[in-house]
Amino acid sequence: MTRMERSRRKRFRMILVLSTVVLLVASCIAAGQTNLVYNPGFEVRSGNIPIGWSVFSGAQYIFVETEGTRSGERVLVFRDASDSVSVGLRSMPVSAKAGET
């Protein structure tokens with residue numbers, strides 16, 4: 001696999017993860033329910049890591065910034081120029097019961 005292919009795959013994975021988070025947040029808002037994900041807009045943070053979220057890979061490539069925001073005060077940015085390191089961030093567990101929304 002070439003360097004360009006690895007870079008495209010990594011970029012695709014990051015987009016997929018962020019899209020999933022955005023869809024989860026949007027579905028809670030659209031349903032008029034309380035958001036089950038703590039700190040979904042990454043507004044509350046400790047250093048560059050949003051509180052309520054944990055890094056499982058590439059902490060040095062995760063940044064919370066104020067430029068480029070859409071609706072809040074901050075935006076989460078992944079800056080990863082490496083072909084050998086991936087970046088991963090996940091929310092705290094969300095409790096759910098089968099058959100309930």
# chains A, B, ... in the order shown; residues from 1 in each chain; ligands from 1

call {"tool": "residues_around", "arguments": {"residues": "segment 80-86 of chain A", "least_positions_apart": "5", "cutoff": "10 Å", "atoms": "only C-alpha atoms", "output": "ChimeraX atom specification"}}
result
/A:2-11,13-14,56-62

call {"tool": "residues_around", "arguments": {"residues": "Asn48 of chain A", "least_positions_apart": "3", "cutoff": "12 Å", "atoms": "only C-alpha atoms", "output": "VMD selection string"}}
result
chain A and resid 42 to 45 51 53 to 55 59 to 66 74 to 78 89

call {"tool": "select_by_dssp", "arguments": {"residues": "chain A", "states": "strand (DSSP E or B)", "output": "ChimeraX atom specification"}}
result
/A:45-46,49-50,53-57,62-65,75-78,88-91

call {"tool": "write_last_selection", "arguments": {"atoms": "N, CA and C atoms", "output": "PDB file, in the first residue's frame"}}
result
ATOM      1  N   ARG A  45     -12.824  21.761  28.559  1.00  0.00           N
ATOM      2  CA  ARG A  45     -11.623  20.983  28.261  1.00  0.00           C
ATOM      3  C   ARG A  45     -10.595  21.104  29.368  1.00  0.00           C
ATOM      4  N   SER A  46      -9.675  20.177  29.345  1.00  0.00           N
ATOM      5  CA  SER A  46      -8.512  20.202  30.208  1.00  0.00           C
ATOM      6  C   SER A  46      -7.305  20.144  29.278  1.00  0.00           C
ATOM      7  N   ILE A  49      -7.593  18.359  25.573  1.00  0.00           N
ATOM      8  CA  ILE A  49      -8.509  17.212  25.552  1.00  0.00           C
ATOM      9  C   ILE A  49      -9.851  17.628  26.155  1.00  0.00           C
ATOM     10  N   PRO A  50     -10.940  17.442  25.405  1.00  0.00           N
ATOM     11  CA  PRO A  50     -12.260  17.779  25.943  1.00  0.00           C
ATOM     12  C   PRO A  50     -12.589  16.888  27.150  1.00  0.00           C
ATOM     13  N   TRP A  53     -14.208  13.023  27.360  1.00  0.00           N
ATOM     14  CA  TRP A  53     -13.718  12.281  26.197  1.00  0.00           C
ATOM     15  C   TRP A  53     -12.366  11.690  26.552  1.00  0.00           C
ATOM     16  N   SER A  54     -12.041  10.543  25.974  1.00  0.00           N
ATOM     17  CA  SER A  54     -10.730   9.946  26.241  1.00  0.00           C
ATOM     18  C   SER A  54     -10.023   9.674  24.924  1.00  0.00           C
ATOM     19  N   VAL A  55      -8.734   9.881  24.974  1.00  0.00           N
ATOM     20  CA  VAL A  55      -7.888   9.656  23.798  1.00  0.00           C
ATOM     21  C   VAL A  55      -7.399   8.222  23.840  1.00  0.00           C
ATOM     22  N   PHE A  56      -7.562   7.499  22.747  1.00  0.00           N
ATOM     23  CA  PHE A  56      -6.992   6.161  22.716  1.00  0.00           C
ATOM     24  C   PHE A  56      -5.852   6.066  21.724  1.00  0.00           C
ATOM     25  N   SER A  57      -5.550   7.157  21.041  1.00  0.00           N
ATOM     26  CA  SER A  57      -4.407   7.160  20.135  1.00  0.00           C
ATOM     27  C   SER A  57      -4.116   8.581  19.673  1.00  0.00           C
ATOM     28  N   ILE A  62      -4.233  16.129  18.755  1.00  0.00           N
ATOM     29  CA  ILE A  62      -5.587  16.606  19.010  1.00  0.00           C
ATOM     30  C   ILE A  62      -5.521  18.001  19.617  1.00  0.00           C
ATOM     31  N   PHE A  63      -6.305  18.909  19.050  1.00  0.00           N
ATOM     32  CA  PHE A  63      -6.310  20.294  19.502  1.00  0.00           C
ATOM     33  C   PHE A  63      -7.741  20.810  19.595  1.00  0.00           C
ATOM     34  N   VAL A  64      -8.014  21.628  20.595  1.00  0.00           N
ATOM     35  CA  VAL A  64      -9.279  22.343  20.693  1.00  0.00           C
ATOM     36  C   VAL A  64      -8.940  23.803  20.413  1.00  0.00           C
ATOM     37  N   GLU A  65      -9.592  24.370  19.398  1.00  0.00           N
ATOM     38  CA  GLU A  65      -9.282  25.726  18.977  1.00  0.00           C
ATOM     39  C   GLU A  65     -10.543  26.578  18.907  1.00  0.00           C
ATOM     40  N   VAL A  75     -13.710  24.279  18.451  1.00  0.00           N
ATOM     41  CA  VAL A  75     -13.766  23.222  17.450  1.00  0.00           C
ATOM     42  C   VAL A  75     -12.650  22.219  17.757  1.00  0.00           C
ATOM     43  N   LEU A  76     -12.936  20.942  17.530  1.00  0.00           N
ATOM     44  CA  LEU A  76     -11.941  19.895  17.732  1.00  0.00           C
ATOM     45  C   LEU A  76     -11.193  19.679  16.423  1.00  0.00           C
ATOM     46  N   VAL A  77      -9.862  19.669  16.494  1.00  0.00           N
ATOM     47  CA  VAL A  77      -9.036  19.546  15.292  1.00  0.00           C
ATOM     48  C   VAL A  77      -8.071  18.379  15.470  1.00  0.00           C
ATOM     49  N   PHE A  78      -7.980  17.541  14.441  1.00  0.00           N
ATOM     50  CA  PHE A  78      -6.960  16.492  14.386  1.00  0.00           C
ATOM     51  C   PHE A  78      -5.920  16.947  13.370  1.00  0.00           C
ATOM     52  N   GLY A  88      -7.356   8.858  17.755  1.00  0.00           N
ATOM     53  CA  GLY A  88      -8.664   8.367  18.181  1.00  0.00           C
ATOM     54  C   GLY A  88      -9.130   9.040  19.449  1.00  0.00           C
ATOM     55  N   LEU A  89     -10.409   9.370  19.487  1.00  0.00           N
ATOM     56  CA  LEU A  89     -11.025  10.026  20.622  1.00  0.00           C
ATOM     57  C   LEU A  89     -12.414   9.423  20.784  1.00  0.00           C
ATOM     58  N   ARG A  90     -12.810   9.115  22.022  1.00  0.00           N
ATOM     59  CA  ARG A  90     -14.144   8.552  22.235  1.00  0.00           C
ATOM     60  C   ARG A  90     -14.788   9.187  23.458  1.00  0.00           C
ATOM     61  N   SER A  91     -16.120   9.200  23.443  1.00  0.00           N
ATOM     62  CA  SER A  91     -16.856   9.773  24.562  1.00  0.00           C
ATOM     63  C   SER A  91     -16.898   8.778  25.710  1.00  0.00           C
TER      64      SER A  91
END

call {"tool": "residues_around", "arguments": {"residues": "Leu36 of chain A", "least_positions_apart": "5", "cutoff": "10 Å", "atoms": "only C-alpha atoms", "output": "list in words"}}
result
Leu24, Val25, Cys28, Met92, Pro93, Val94, Ser95 and Ala96 of chain A

call {"tool": "write_last_selection", "arguments": {"atoms": "C-alpha atoms", "output": "PDB file, in the first residue's frame"}}
result
ATOM      1  CA  LEU A  24     -25.309  11.220  17.342  1.00  0.00           C
ATOM      2  CA  VAL A  25     -25.410  14.780  18.621  1.00  0.00           C
ATOM      3  CA  CYS A  28     -30.445  13.894  20.121  1.00  0.00           C
ATOM      4  CA  MET A  92     -17.566   8.374  27.991  1.00  0.00           C
ATOM      5  CA  PRO A  93     -19.898   5.357  27.871  1.00  0.00           C
ATOM      6  CA  VAL A  94     -23.551   6.166  27.263  1.00  0.00           C
ATOM      7  CA  SER A  95     -26.104   4.015  29.043  1.00  0.00           C
ATOM      8  CA  ALA A  96     -28.861   2.609  26.860  1.00  0.00           C
TER       9      ALA A  96
END

call {"tool": "select_by_dssp", "arguments": {"residues": "chain A", "states": "alpha helix (DSSP H)", "output": "PyMOL selection string"}}
result
chain A and resi 3-30

call {"tool": "decode", "arguments": {"residues": "segment 3-27 of chain A", "atoms": "C-alpha atoms", "output": "compact mmCIF listing (two decimals), in the first residue's frame"}}
result
# COMPACT_ATOMS: atom_id res chain seq x y z
CA ARG A 3 1.83 6.31 1.36
CA MET A 4 -0.96 8.18 -0.39
CA GLU A 5 -3.38 5.25 0.03
CA ARG A 6 -2.56 5.01 3.75
CA SER A 7 -3.09 8.73 4.13
CA ARG A 8 -6.47 8.54 2.36
CA ARG A 9 -7.57 5.62 4.52
CA LYS A 10 -6.54 7.43 7.69
CA ARG A 11 -8.36 10.57 6.59
CA PHE A 12 -11.45 8.50 5.79
CA ARG A 13 -11.38 6.87 9.26
CA MET A 14 -11.12 10.25 10.98
CA ILE A 15 -14.00 11.64 8.92
CA LEU A 16 -16.07 8.56 9.72
CA VAL A 17 -15.51 8.92 13.48
CA LEU A 18 -16.30 12.63 13.48
CA SER A 19 -19.38 12.07 11.30
CA THR A 20 -20.65 9.47 13.75
CA VAL A 21 -20.27 11.88 16.66
CA VAL A 22 -21.99 14.67 14.74
CA LEU A 23 -24.88 12.39 13.76
CA LEU A 24 -25.31 11.22 17.34
CA VAL A 25 -25.41 14.78 18.62
CA ALA A 26 -27.75 15.90 15.83
CA SER A 27 -30.17 13.03 16.41
